[in-house]
file upload-v5.cif (mmCIF, C-alpha atoms)
data_work
loop_
_atom_site.label_atom_id
_atom_site.label_comp_id
_atom_site.auth_asym_id
_atom_site.auth_seq_id
_atom_site.Cartn_x
_atom_site.Cartn_y
_atom_site.Cartn_z
CA MET A 161 0.00 0.00 0.00
CA GLU A 162 1.27 3.50 -0.92
CA ARG A 163 0.77 5.99 1.87
CA LEU A 164 0.82 9.76 2.37
CA ARG A 165 0.67 11.19 5.88
CA ARG A 166 0.15 14.89 6.54
CA PRO A 167 -0.94 17.16 9.39
CA ALA A 168 -4.74 17.07 9.68
CA ARG A 169 -5.19 20.61 8.40
CA MET A 170 -7.21 22.00 5.51
CA GLU A 171 -4.09 23.36 3.76
CA PHE A 172 -3.04 19.73 3.10
CA LEU A 173 -6.41 18.56 1.73
CA HIS A 174 -5.55 19.16 -1.93
CA GLU A 175 -2.19 17.39 -1.69
CA LEU A 176 -3.91 14.32 -0.18
CA LEU A 177 -6.64 14.42 -2.83
CA GLU A 178 -4.11 14.76 -5.67
CA PHE A 179 -2.22 11.75 -4.28
CA ILE A 180 -5.43 9.69 -4.31
CA ASP A 181 -6.46 10.96 -7.76
CA ALA A 182 -3.06 10.13 -9.26
CA GLY A 183 -3.43 6.56 -7.96
CA ALA A 184 -6.96 6.23 -9.35
CA LYS A 185 -5.80 7.57 -12.71
CA ARG A 186 -2.89 5.12 -12.83
CA LEU A 187 -5.32 2.25 -12.19
CA GLY A 188 -7.40 3.31 -15.19
CA PHE A 189 -10.43 4.87 -13.48
CA ASP A 190 -12.24 7.23 -15.88
CA GLU A 191 -13.07 10.87 -15.14
CA SER A 192 -16.56 10.16 -13.89
CA ALA A 193 -15.31 7.48 -11.47
CA ARG A 194 -12.48 9.78 -10.36
CA GLY A 195 -15.09 12.45 -9.55
CA ARG A 196 -16.82 9.96 -7.22
CA ILE A 197 -13.49 8.92 -5.70
CA ARG A 198 -12.56 12.56 -5.07
CA LEU A 199 -15.94 13.29 -3.47
CA ALA A 200 -15.87 10.33 -1.06
CA SER A 201 -12.20 10.98 -0.23
CA GLU A 202 -12.73 14.70 0.38
CA GLU A 203 -15.65 14.06 2.71
CA ALA A 204 -13.68 11.45 4.67
CA LEU A 205 -10.56 13.62 4.94
CA VAL A 206 -12.52 16.76 5.85
CA ASN A 207 -14.27 14.86 8.66
CA VAL A 208 -10.87 14.01 10.11
CA ILE A 209 -9.50 17.53 9.59
CA LEU A 210 -12.48 19.22 11.26
CA HIS A 211 -13.42 16.76 13.98
CA ALA A 212 -10.84 14.07 14.77
CA TYR A 213 -8.57 16.04 17.09
CA ALA A 214 -10.99 18.55 18.62
CA GLY A 215 -8.73 21.50 17.78
CA ALA A 216 -5.45 19.82 18.83
CA ASP A 217 -2.68 18.88 16.38
CA GLY A 218 -2.83 15.48 14.72
CA GLU A 219 -2.18 13.67 11.48
CA VAL A 220 -4.20 12.03 8.76
CA GLU A 221 -2.96 9.35 6.41
CA ALA A 222 -4.27 8.23 3.04
CA GLY A 223 -3.29 4.75 1.87
CA LEU A 224 -3.95 3.31 -1.59
CA SER A 225 -3.85 -0.17 -2.98
CA GLY A 226 -5.34 -1.67 -6.10
CA GLY A 227 -4.81 -3.51 -9.29
CA GLU A 228 -6.22 -6.90 -8.37
CA ASP A 229 -9.92 -7.45 -9.30
CA ARG A 230 -10.16 -3.97 -10.93
CA SER A 231 -10.58 -2.34 -7.55
CA LEU A 232 -9.11 0.59 -5.67
CA ARG A 233 -8.96 0.46 -1.89
CA ILE A 234 -8.41 3.72 -0.03
CA GLU A 235 -7.69 3.77 3.70
CA ILE A 236 -8.06 7.01 5.66
CA ARG A 237 -6.42 6.77 9.10
CA ASP A 238 -6.39 9.10 12.08
CA ARG A 239 -5.47 8.79 15.75
CA GLY A 240 -8.36 10.79 17.22
CA ALA A 241 -11.05 9.46 19.56
CA ALA A 242 -12.87 6.36 18.29
CA PHE A 243 -15.50 7.47 15.79
CA ASP A 244 -17.43 5.40 13.27
CA PRO A 245 -18.79 7.83 10.66
CA LEU A 246 -20.78 5.03 9.01
CA ALA A 247 -22.81 4.57 12.21
CA GLU A 248 -24.19 8.14 11.93
CA ALA A 249 -27.86 8.63 11.07
CA GLU A 250 -28.79 9.30 7.44
CA PRO A 251 -29.68 12.95 6.72
CA ASP A 252 -33.28 13.80 5.88
CA LEU A 253 -33.02 14.27 2.11
CA GLU A 254 -36.72 15.07 1.79
CA ALA A 255 -36.72 18.10 4.12
CA GLY A 256 -37.80 21.41 2.63
CA LEU A 257 -35.57 24.47 2.48
CA ALA A 258 -36.52 25.79 5.93
CA ASP A 259 -35.75 22.49 7.72
CA ARG A 260 -32.87 21.38 5.59
CA LYS A 261 -29.62 20.79 7.48
CA ILE A 262 -26.19 20.25 6.04
CA GLY A 263 -24.95 17.94 8.80
CA GLY A 264 -24.60 14.34 7.75
CA LEU A 265 -24.41 15.12 4.06
CA GLY A 266 -20.67 14.45 3.86
CA ILE A 267 -21.10 10.97 5.31
CA PHE A 268 -24.05 10.38 3.00
CA PHE A 269 -21.75 11.22 0.05
CA ILE A 270 -19.13 8.76 1.32
CA ARG A 271 -21.73 5.98 1.31
CA GLU A 272 -23.26 7.11 -1.98
CA ALA A 273 -20.04 7.62 -3.95
CA ALA A 274 -18.06 4.58 -2.79
CA ASP A 275 -18.95 1.09 -3.97
CA ARG A 276 -18.38 -0.05 -0.38
CA ALA A 277 -17.23 1.61 2.83
CA ALA A 278 -16.11 0.03 6.11
CA TYR A 279 -14.87 1.32 9.44
CA ARG A 280 -12.62 -0.33 11.99
CA ARG A 281 -10.70 0.73 15.09
CA GLU A 282 -7.22 -0.75 15.39
CA GLY A 283 -5.34 0.15 18.55
CA GLU A 284 -5.30 3.96 18.62
CA GLU A 285 -6.37 4.36 14.98
CA ASN A 286 -9.66 4.99 13.22
CA ILE A 287 -9.51 3.37 9.77
CA LEU A 288 -12.11 4.16 7.16
CA THR A 289 -11.79 2.01 4.05
CA LEU A 290 -13.41 3.03 0.77
CA TYR A 291 -13.66 0.59 -2.13
CA PHE A 292 -14.19 1.50 -5.76
CA ILE A 293 -14.65 -0.96 -8.63
CA ARG A 294 -13.51 -0.02 -12.13
CA THR A 295 -16.29 -0.69 -14.65
CA MET B 27 -11.89 28.18 -8.07
CA ASP B 28 -12.70 31.50 -9.68
CA ILE B 29 -15.74 33.64 -9.05
CA VAL B 30 -16.89 36.23 -11.55
CA MET B 31 -19.66 38.53 -10.41
CA THR B 32 -21.70 40.46 -12.95
CA THR B 33 -25.00 42.29 -12.87
CA GLU B 34 -27.61 41.63 -15.55
CA SER B 35 -29.88 44.70 -15.17
CA ASP B 36 -31.30 44.03 -11.69
CA VAL B 37 -30.02 40.47 -11.17
CA ALA B 38 -26.67 39.61 -9.55
CA VAL B 39 -24.96 36.70 -11.28
CA PHE B 40 -22.11 34.79 -9.63
CA SER B 41 -20.32 32.52 -12.10
CA ILE B 42 -18.46 29.84 -10.17
CA ILE B 43 -15.61 28.15 -12.02
CA GLY B 44 -13.51 25.12 -11.06
CA HIS B 45 -13.85 23.18 -7.81
CA LEU B 46 -16.16 24.23 -4.97
CA ASP B 47 -14.78 22.19 -2.08
CA ALA B 48 -13.82 22.54 1.58
CA VAL B 49 -10.80 24.67 0.64
CA SER B 50 -12.53 27.09 -1.75
CA SER B 51 -16.04 27.34 -0.28
CA PRO B 52 -15.08 29.95 2.39
CA GLU B 53 -14.15 32.32 -0.47
CA LEU B 54 -17.60 31.95 -2.07
CA GLU B 55 -19.20 32.34 1.35
CA GLY B 56 -17.27 35.60 1.83
CA ARG B 57 -18.19 36.97 -1.60
CA LEU B 58 -21.87 36.13 -1.10
CA GLY B 59 -21.70 37.56 2.43
CA THR B 60 -20.58 40.90 0.99
CA TRP B 61 -23.45 40.80 -1.49
CA PHE B 62 -25.92 40.02 1.31
CA GLU B 63 -24.90 43.23 3.09
CA GLU B 64 -26.90 45.02 0.37
CA PRO B 65 -30.64 44.54 0.05
CA GLY B 66 -30.61 42.67 -3.31
CA THR B 67 -33.39 40.16 -3.89
CA ARG B 68 -32.48 38.59 -7.25
CA LEU B 69 -29.53 36.20 -7.39
CA VAL B 70 -28.34 33.63 -9.91
CA LEU B 71 -25.45 31.21 -9.41
CA ASP B 72 -24.24 30.19 -12.86
CA LEU B 73 -22.46 26.83 -12.58
CA ASN B 74 -21.49 26.37 -16.23
CA GLY B 75 -17.78 26.30 -15.32
CA LEU B 76 -18.17 24.30 -12.10
CA GLU B 77 -16.55 20.87 -12.42
CA TYR B 78 -16.84 19.60 -8.87
CA ILE B 79 -18.82 20.27 -5.70
CA SER B 80 -18.71 18.61 -2.27
CA SER B 81 -20.88 18.98 0.84
CA ALA B 82 -18.86 22.07 1.85
CA GLY B 83 -19.96 23.80 -1.38
CA LEU B 84 -23.56 22.69 -0.94
CA ARG B 85 -23.52 24.13 2.58
CA VAL B 86 -22.71 27.61 1.21
CA ILE B 87 -25.43 27.36 -1.46
CA LEU B 88 -27.99 26.14 1.10
CA SER B 89 -27.11 29.02 3.38
CA ALA B 90 -27.58 31.51 0.49
CA ALA B 91 -30.95 29.92 -0.36
CA LYS B 92 -32.11 30.31 3.25
CA LYS B 93 -31.00 33.97 3.36
CA MET B 94 -32.80 34.70 0.07
CA LYS B 95 -35.97 33.12 1.41
CA ALA B 96 -35.71 35.17 4.62
CA ARG B 97 -35.66 38.41 2.58
CA ASN B 98 -38.35 37.23 0.15
CA GLY B 99 -35.81 37.17 -2.66
CA LYS B 100 -35.39 34.75 -5.53
CA LEU B 101 -32.43 32.47 -6.17
CA GLY B 102 -31.82 30.35 -9.25
CA LEU B 103 -28.99 28.06 -10.33
CA SER B 104 -28.11 27.58 -13.96
CA ARG B 105 -26.18 25.22 -16.26
CA LEU B 106 -25.19 22.42 -13.90
CA GLN B 107 -22.62 20.08 -15.47
CA PRO B 108 -23.35 16.33 -15.29
CA ARG B 109 -21.29 15.51 -12.18
CA VAL B 110 -22.51 18.57 -10.28
CA ARG B 111 -26.08 17.79 -11.34
CA GLU B 112 -25.69 14.26 -9.97
CA VAL B 113 -24.59 15.60 -6.57
CA PHE B 114 -27.60 17.96 -6.50
CA GLN B 115 -29.93 15.12 -7.39
CA VAL B 116 -28.73 12.52 -4.88
CA SER B 117 -28.68 15.08 -2.06
CA GLY B 118 -32.23 16.24 -2.81
CA PHE B 119 -31.02 19.83 -3.43
CA SER B 120 -32.58 19.90 -6.91
CA SER B 121 -36.01 19.80 -5.28
CA ILE B 122 -35.40 22.69 -2.84
CA ILE B 123 -33.43 25.12 -5.05
CA PRO B 124 -34.67 25.95 -8.57
CA VAL B 125 -32.29 24.74 -11.29
CA PHE B 126 -32.39 25.98 -14.91
CA GLU B 127 -30.90 24.65 -18.14
CA THR B 128 -29.81 28.06 -19.41
CA LEU B 129 -28.68 31.36 -17.89
CA PRO B 130 -31.49 33.38 -19.56
CA ALA B 131 -34.07 30.96 -18.11
CA ALA B 132 -32.64 31.50 -14.60
CA LEU B 133 -32.58 35.30 -15.12
CA ASP B 134 -36.22 35.27 -16.23
CA ALA B 135 -37.24 33.10 -13.28
CA VAL B 136 -35.80 35.41 -10.62
CA ARG B 137 -37.22 38.58 -12.17
#
call {"tool": "encode", "arguments": {"input": "upload-v5.cif", "output": "structure tokens"}}
result
Amino acid sequence: MERLRRPARMEFLHELLEFIDAGAKRLGFDESARGRIRLASEEALVNVILHAYAGADGEVEAGLSGGEDRSLRIEIRDRGAAFDPLAEAEPDLEAGLADRKIGGLGIFFIREAADRAAYRREGEENILTLYFIRT
Amino acid sequence: MDIVMTTESDVAVFSIIGHLDAVSSPELEGRLGTWFEEPGTRLVLDLNGLEYISSAGLRVILSAAKKMKARNGKLGLSRLQPRVREVFQVSGFSSIIPVFETLPAALDAVR
């Protein structure tokens, strides 16, 4: 697995996303699939950047592996408090303008854009794995 | 991301170009915030040049829609590209914010 670890700060978001996009491109994912990969990855990374360390310094790591069975596996790791984003409630997508809230939409996009997503806690790490299948 | 603001007679048009993500959305929020200091009631966001949007970008657009509603103004979006359109559809935003195929259609709708 190729890995890139950076401080969990917004100024490093694009570098992490470019690293993931370059991997997806190398594995032959087309532009439309790379748009989905970028969306799910951004939402996962931004969650870590904004929430994992409650204002304290910390790091986020993106790991990539792929090739076998036309898939790309992305692992997003942080060392914040245990948090399973996939256990969060679905947002109310039917709410009208007045009641509409933005919370939860990022996690909804992770679920929607990835072919599969899984969370695990290993020691001090949160690991969110996103799978994408090349069509 | 680039933002080009123009005025078509009495309608403010913000053309948003590039990627509207967690890094760039504060800039759009700031530009719209400046516009909201004035009492304008007709606003179009032209997304012809927008290639990518994430939840951070949607948050800024939702906030603008709520402010327009609070002042009895009209907001329209125009020319969503396929990937941006898909994000609006799956999130249900297409049903709460009016979306138009062309810029003139959006301008007519907010007048």
call {"tool": "residues_around", "arguments": {"input": "upload-v5.cif", "residues": "Lys185 (chain A)", "least_positions_apart": "5", "cutoff": "12 Å", "atoms": "all atoms listed in the file", "output": "number ranges by chain"}}
result
A: 178-180, 190-195, 197-198, 226-227, 232, 294
call {"tool": "residues_around", "arguments": {"input": "upload-v5.cif", "residues": "Pro130 (chain B)", "least_positions_apart": "5", "cutoff": "10 Å", "atoms": "all atoms listed in the file", "output": "ChimeraX atom specification"}}
result
/B:34,104,135
call {"tool": "closest_atom_pairs", "arguments": {"input": "upload-v5.cif", "of": "region 89-119 of chain B", "to": "region 262-282 of chain A", "cutoff": "9 Å", "atoms": "all atoms listed in the file", "output": "JSON lines"}}
result
{"residue": "B:Val113", "atom": "CA", "partner": "A:Phe269", "partner_atom": "CA", "distance": 8.4}
{"residue": "B:Val116", "atom": "CA", "partner": "A:Glu272", "partner_atom": "CA", "distance": 8.2}
{"residue": "B:Ser117", "atom": "CA", "partner": "A:Leu265", "partner_atom": "CA", "distance": 7.5}
call {"tool": "atom_distance", "arguments": {"input": "upload-v5.cif", "atom1": "CA of Arg233 (chain A)", "atom2": "CA of Phe114 (chain B)"}}
result
26.0 Å
call {"tool": "interface_residues", "arguments": {"input": "upload-v5.cif", "of": "chain A", "to": "chain B", "cutoff": "7 Å", "atoms": "all atoms listed in the file", "output": "list in words"}}
result
Met170, Leu199, Leu253, Glu254, Gly256, Leu257, Ala258, Ile262, Leu265 and Gly266 of chain A
call {"tool": "write_last_selection", "arguments": {"input": "upload-v5.cif", "atoms": "C-alpha atoms", "output": "PDB file, in the frame of the given file"}}
result
ATOM      1  CA  MET A 170      -7.210  22.000   5.510  1.00  0.00           C
ATOM      2  CA  LEU A 199     -15.940  13.290  -3.470  1.00  0.00           C
ATOM      3  CA  LEU A 253     -33.020  14.270   2.110  1.00  0.00           C
ATOM      4  CA  GLU A 254     -36.720  15.070   1.790  1.00  0.00           C
ATOM      5  CA  GLY A 256     -37.800  21.410   2.630  1.00  0.00           C
ATOM      6  CA  LEU A 257     -35.570  24.470   2.480  1.00  0.00           C
ATOM      7  CA  ALA A 258     -36.520  25.790   5.930  1.00  0.00           C
ATOM      8  CA  ILE A 262     -26.190  20.250   6.040  1.00  0.00           C
ATOM      9  CA  LEU A 265     -24.410  15.120   4.060  1.00  0.00           C
ATOM     10  CA  GLY A 266     -20.670  14.450   3.860  1.00  0.00           C
TER      11      GLY A 266
END
call {"tool": "atom_distance", "arguments": {"input": "upload-v5.cif", "atom1": "CA of Leu288 (chain A)", "atom2": "CA of Leu46 (chain B)"}}
result
23.8 Å
call {"tool": "decode", "arguments": {"input": "upload-v5.cif", "residues": "region 181-220 of chain A", "atoms": "N, CA and C atoms", "output": "JSON list (two decimals), in the first residue's frame"}}
result
[["chain", "number", "residue", "atom", "x", "y", "z"],
["A", 181, "ASP", "N", -6.03, 10.87, -6.35],
["A", 181, "ASP", "CA", -6.46, 10.96, -7.76],
["A", 181, "ASP", "C", -5.40, 10.39, -8.70],
["A", 182, "ALA", "N", -4.13, 10.66, -8.40],
["A", 182, "ALA", "CA", -3.06, 10.13, -9.26],
["A", 182, "ALA", "C", -3.09, 8.59, -9.24],
["A", 183, "GLY", "N", -3.34, 8.02, -8.07],
["A", 183, "GLY", "CA", -3.43, 6.56, -7.96],
["A", 183, "GLY", "C", -4.61, 6.01, -8.74],
["A", 184, "ALA", "N", -5.76, 6.68, -8.64],
["A", 184, "ALA", "CA", -6.96, 6.23, -9.35],
["A", 184, "ALA", "C", -6.74, 6.31, -10.87],
["A", 185, "LYS", "N", -6.07, 7.38, -11.29],
["A", 185, "LYS", "CA", -5.80, 7.57, -12.71],
["A", 185, "LYS", "C", -4.88, 6.46, -13.23],
["A", 186, "ARG", "N", -3.83, 6.16, -12.46],
["A", 186, "ARG", "CA", -2.89, 5.12, -12.83],
["A", 186, "ARG", "C", -3.57, 3.76, -12.96],
["A", 187, "LEU", "N", -4.60, 3.53, -12.14],
["A", 187, "LEU", "CA", -5.32, 2.25, -12.19],
["A", 187, "LEU", "C", -6.38, 2.23, -13.28],
["A", 188, "GLY", "N", -6.51, 3.31, -14.03],
["A", 188, "GLY", "CA", -7.40, 3.31, -15.19],
["A", 188, "GLY", "C", -8.83, 3.73, -14.90],
["A", 189, "PHE", "N", -9.08, 4.37, -13.75],
["A", 189, "PHE", "CA", -10.43, 4.87, -13.48],
["A", 189, "PHE", "C", -10.70, 6.07, -14.38],
["A", 190, "ASP", "N", -11.92, 6.12, -14.96],
["A", 190, "ASP", "CA", -12.24, 7.23, -15.88],
["A", 190, "ASP", "C", -12.62, 8.48, -15.08],
["A", 191, "GLU", "N", -12.83, 9.58, -15.81],
["A", 191, "GLU", "CA", -13.07, 10.87, -15.14],
["A", 191, "GLU", "C", -14.28, 10.86, -14.24],
["A", 192, "SER", "N", -15.34, 10.18, -14.69],
["A", 192, "SER", "CA", -16.56, 10.16, -13.89],
["A", 192, "SER", "C", -16.31, 9.40, -12.58],
["A", 193, "ALA", "N", -15.64, 8.25, -12.68],
["A", 193, "ALA", "CA", -15.31, 7.48, -11.47],
["A", 193, "ALA", "C", -14.36, 8.27, -10.57],
["A", 194, "ARG", "N", -13.42, 8.99, -11.17],
["A", 194, "ARG", "CA", -12.48, 9.78, -10.36],
["A", 194, "ARG", "C", -13.19, 10.93, -9.65],
["A", 195, "GLY", "N", -14.27, 11.44, -10.24],
["A", 195, "GLY", "CA", -15.09, 12.45, -9.55],
["A", 195, "GLY", "C", -15.72, 11.86, -8.29],
["A", 196, "ARG", "N", -16.22, 10.62, -8.39],
["A", 196, "ARG", "CA", -16.82, 9.96, -7.22],
["A", 196, "ARG", "C", -15.76, 9.68, -6.16],
["A", 197, "ILE", "N", -14.59, 9.24, -6.63],
["A", 197, "ILE", "CA", -13.49, 8.92, -5.70],
["A", 197, "ILE", "C", -13.05, 10.18, -4.95],
["A", 198, "ARG", "N", -12.95, 11.29, -5.71],
["A", 198, "ARG", "CA", -12.56, 12.56, -5.07],
["A", 198, "ARG", "C", -13.59, 12.99, -4.03],
["A", 199, "LEU", "N", -14.88, 12.86, -4.38],
["A", 199, "LEU", "CA", -15.94, 13.29, -3.47],
["A", 199, "LEU", "C", -15.90, 12.49, -2.17],
["A", 200, "ALA", "N", -15.88, 11.16, -2.27],
["A", 200, "ALA", "CA", -15.87, 10.33, -1.06],
["A", 200, "ALA", "C", -14.60, 10.60, -0.25],
["A", 201, "SER", "N", -13.47, 10.76, -0.94],
["A", 201, "SER", "CA", -12.20, 10.98, -0.23],
["A", 201, "SER", "C", -12.20, 12.34, 0.45],
["A", 202, "GLU", "N", -12.69, 13.38, -0.26],
["A", 202, "GLU", "CA", -12.73, 14.70, 0.38],
["A", 202, "GLU", "C", -13.58, 14.66, 1.65],
["A", 203, "GLU", "N", -14.76, 14.07, 1.54],
["A", 203, "GLU", "CA", -15.65, 14.06, 2.71],
["A", 203, "GLU", "C", -15.00, 13.33, 3.88],
["A", 204, "ALA", "N", -14.32, 12.22, 3.60],
["A", 204, "ALA", "CA", -13.68, 11.45, 4.67],
["A", 204, "ALA", "C", -12.52, 12.24, 5.29],
["A", 205, "LEU", "N", -11.71, 12.86, 4.44],
["A", 205, "LEU", "CA", -10.56, 13.62, 4.94],
["A", 205, "LEU", "C", -11.01, 14.86, 5.71],
["A", 206, "VAL", "N", -12.03, 15.54, 5.19],
["A", 206, "VAL", "CA", -12.52, 16.76, 5.85],
["A", 206, "VAL", "C", -13.10, 16.43, 7.23],
["A", 207, "ASN", "N", -13.78, 15.29, 7.35],
["A", 207, "ASN", "CA", -14.27, 14.86, 8.66],
["A", 207, "ASN", "C", -13.13, 14.76, 9.66],
["A", 208, "VAL", "N", -12.03, 14.16, 9.22],
["A", 208, "VAL", "CA", -10.87, 14.01, 10.11],
["A", 208, "VAL", "C", -10.30, 15.39, 10.44],
["A", 209, "ILE", "N", -10.10, 16.21, 9.40],
["A", 209, "ILE", "CA", -9.50, 17.53, 9.59],
["A", 209, "ILE", "C", -10.31, 18.38, 10.57],
["A", 210, "LEU", "N", -11.64, 18.34, 10.44],
["A", 210, "LEU", "CA", -12.48, 19.22, 11.26],
["A", 210, "LEU", "C", -12.77, 18.65, 12.64],
["A", 211, "HIS", "N", -12.85, 17.32, 12.75],
["A", 211, "HIS", "CA", -13.42, 16.76, 13.98],
["A", 211, "HIS", "C", -12.53, 15.80, 14.76],
["A", 212, "ALA", "N", -11.52, 15.19, 14.11],
["A", 212, "ALA", "CA", -10.84, 14.07, 14.77],
["A", 212, "ALA", "C", -10.08, 14.50, 16.03],
["A", 213, "TYR", "N", -9.47, 15.67, 16.00],
["A", 213, "TYR", "CA", -8.57, 16.04, 17.09],
["A", 213, "TYR", "C", -9.10, 17.18, 17.96],
["A", 214, "ALA", "N", -10.35, 17.53, 17.77],
["A", 214, "ALA", "CA", -10.99, 18.55, 18.62],
["A", 214, "ALA", "C", -10.10, 19.79, 18.81],
["A", 215, "GLY", "N", -9.52, 20.27, 17.72],
["A", 215, "GLY", "CA", -8.73, 21.50, 17.78],
["A", 215, "GLY", "C", -7.25, 21.28, 18.05],
["A", 216, "ALA", "N", -6.87, 20.11, 18.56],
["A", 216, "ALA", "CA", -5.45, 19.82, 18.83],
["A", 216, "ALA", "C", -4.76, 19.38, 17.53],
["A", 217, "ASP", "N", -3.43, 19.34, 17.55],
["A", 217, "ASP", "CA", -2.68, 18.88, 16.38],
["A", 217, "ASP", "C", -2.82, 17.37, 16.22],
["A", 218, "GLY", "N", -2.78, 16.92, 14.98],
["A", 218, "GLY", "CA", -2.83, 15.48, 14.72],
["A", 218, "GLY", "C", -2.53, 15.25, 13.26],
["A", 219, "GLU", "N", -2.49, 13.99, 12.87],
["A", 219, "GLU", "CA", -2.18, 13.67, 11.48],
["A", 219, "GLU", "C", -3.27, 12.83, 10.85],
["A", 220, "VAL", "N", -3.29, 12.88, 9.53],
["A", 220, "VAL", "CA", -4.20, 12.03, 8.76],
["A", 220, "VAL", "C", -3.37, 11.36, 7.68]]
